[in-house]
Each structure stands twice: as C-alpha cells, then as structure tokens.
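Participant: So that we are looking at the same thing, I have put the structure below in structure tokens.
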Amino acid sequence: MARFDLTAGSDPGFDAPWQAQVFSMVEAMKEAGSLKSADWMGRLGRMLSERQIQPEDYWPCYLLAFEEMLEDEQLATRAEIEEMTRAWHEAAEATPHGKVIYLSNRPPAFDG
C-alpha cells in the first residue's frame with residue numbers, strides 16, 4: 001500500500017467545508033494556547049503513520065485525531081462529540097442547499 005506523502009508541497013487542501021472547519025478549530029485552539037502545535041503534530045503524525053493512509057483518508061483521519069484529542073484532554077466526552085455530530089447532521093439536513101448551517105436549524109426533538 002502506498003503511503004500518503006505529506007512532505008513540503010504536498011498540501012492535501014480542502015475538498016469539503018467540514019475539512020476547513022475542523023482545521024480552523026485546531027488552529028483556533030493553538031492560537032488560544034489550549035493546544036500546543038508540537039503536541040498536535042505529534043498526535044496527527046502518529047495517527048497518519050499508524051494507519052498508512054491514502055490521500056482520500058487524510059481529512060477523516062485529521063477529524064479522528066481531533067476528536068481523540070478532545071477526549072484525552074477532557075475537553076469533551078465521546079457522548080458529547082457524538083451528540084454534537086448528530087445535531088450537526090440533523091441541522092444540515094434541515095438547511096436548504098447553499099445556505100449556512102446553524103444548529104438552531106435542527107428540527108425539534110420528537111418525544112413520541
């Protein structure tokens with residue numbers, strides 16, 4: 001299996017808005033001092049190396065590393081991450097194509 005080359009000049013870029021958003025969250029945490037750049041790069045590098053990913057797997061792996069970091073640093077529990085993911089998907093489905101997705105677009109819960 002060929003390994004994904006992340007050397008200089010091999011920027012994976014963004015194929016979808018969620019990729020830019022998770023990247024921005026990591027960058028914001030680094031700027032706020034909540035996350036050390038070396039720690040993040042070590043975590044992401046280990047995950048990419050262990051999984052021997054293909055280019056299309058880079059961003060899902062990046063997201064997984066972010067979620068694991070949130071858990072390890074006790075910034076969010078797995079249940080909170082899963083609930084926020086579910087909320088976002090529900091809001092996305094309720095949002096017209098091309099419009100900004102807000103969690104407030106999420107339909108009310110049905111207690112049927």
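In the structure tokens, chains take the letters A, B, ... in the order shown, each chain's residues start at 1, and ligands count up from 1 in the order shown.
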Within 10 Å of range 29-40 of chain A, counting only C-alpha atoms, which residues qualify if same-chain residues fewer than 2 places away don't, as a list in words?

Facilitator: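 Residues meeting the cut-off are Ser24, Met25, Val26, Glu27, Gly42, Arg43, Leu44, Gly45, Arg46, Ala65, Phe66, Met69, Glu73 and Leu75 of chain A.
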
Participant: Pull C-alpha atoms from the residues just selected and write them as an mmCIF file, in the first residue's frame.

Facilitator:
```
data_model
loop_
_atom_site.group_PDB
_atom_site.id
_atom_site.type_symbol
_atom_site.label_atom_id
_atom_site.label_comp_id
_atom_site.auth_asym_id
_atom_site.auth_seq_id
_atom_site.Cartn_x
_atom_site.Cartn_y
_atom_site.Cartn_z
ATOM 1 C CA SER A 24 -9.902 26.076 11.787
ATOM 2 C CA MET A 25 -10.917 24.625 15.159
ATOM 3 C CA VAL A 26 -7.464 23.111 15.626
ATOM 4 C CA GLU A 27 -5.801 26.386 14.596
ATOM 5 C CA GLY A 42 2.839 14.538 17.068
ATOM 6 C CA ARG A 43 -0.678 13.166 17.566
ATOM 7 C CA LEU A 44 -1.677 13.656 13.926
ATOM 8 C CA GLY A 45 1.655 12.329 12.655
ATOM 9 C CA ARG A 46 1.371 9.158 14.745
ATOM 10 C CA ALA A 65 -7.234 12.805 15.771
ATOM 11 C CA PHE A 66 -9.098 15.980 16.777
ATOM 12 C CA MET A 69 -7.515 14.931 21.443
ATOM 13 C CA GLU A 73 -7.627 16.496 27.157
ATOM 14 C CA LEU A 75 -12.495 18.935 26.696
#
```

Participant: Could you pull out all residues of range 18-103 of chain A with a DSSP call of alpha helix (DSSP H) and give them as an MDAnalysis selection string?

Facilitator: chainID A and resid 18:32 37:51 58:72 78:94

Participant: Just the residues within 12 Å of Ala87 in chain A, please, counting only C-alpha atoms, with nothing from its chain fewer than 6 positions along; format it as a list of chain:residue names.

Facilitator: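 The filter keeps A:Glu80, A:Ile81, A:Glu93, A:Ala94, A:Ile101, A:Tyr102, A:Leu103, A:Ser104, A:Asn105, A:Arg106, A:Pro107, A:Pro108, A:Ala109.
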
Participant: So what do you get for CA of Gln52 in chain A versus CA of Trp88 in chain A, distance-wise?

Facilitator: 29.1 Å

Participant: Return the single residue from A:Val22, A:Ala92, A:Val100, A:Ala16 that is closest to Glu67 in chain A, with distances computed using only C-alpha atoms.

Facilitator: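 Among the listed residues, the smallest separation from Glu67 in chain A belongs to A:Val22.
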
Participant: Of the candidates A:Met41, A:Gln74, A:Thr85, A:Met47, which one gets nearest to Cys61 in chain A if we count only C-alpha atoms?

Facilitator: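 Smallest separation from Cys61 in chain A among the options: A:Met47.
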
Participant: How many Å separate CA of Gly13 in chain A from CA of Pro55 in chain A?

Facilitator: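 Spanning CA of Gly13 in chain A to CA of Pro55 in chain A is a straight-line distance of 10.3 Å.
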
Participant: Residues near Gln19 in chain A, anyone? I mean within 9 Å using only C-alpha atoms, not counting same-chain ones fewer than 6 positions away, as a list in words.

Facilitator: Gly13, Trp59, Pro60, Tyr62 and Leu63 of chain A

Participant: Restricting the output to C-alpha atoms, write the selected residues as an mmCIF file, in the first residue's frame.

Facilitator:
```cif
data_model
loop_
_atom_site.group_PDB
_atom_site.id
_atom_site.type_symbol
_atom_site.label_atom_id
_atom_site.label_comp_id
_atom_site.auth_asym_id
_atom_site.auth_seq_id
_atom_site.Cartn_x
_atom_site.Cartn_y
_atom_site.Cartn_z
ATOM 1 C CA GLY A 13 -6.187 21.011 0.562
ATOM 2 C CA TRP A 59 -9.220 14.531 6.488
ATOM 3 C CA PRO A 60 -11.237 11.748 8.149
ATOM 4 C CA TYR A 62 -7.481 14.527 10.917
ATOM 5 C CA LEU A 63 -11.010 14.647 12.349
#
```

Participant: To one decimal place in Å, what is the distance between CA of Glu83 in chain A and CA of Thr95 in chain A?

Facilitator: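 That distance, rounded to one decimal, is 18.2 Å.
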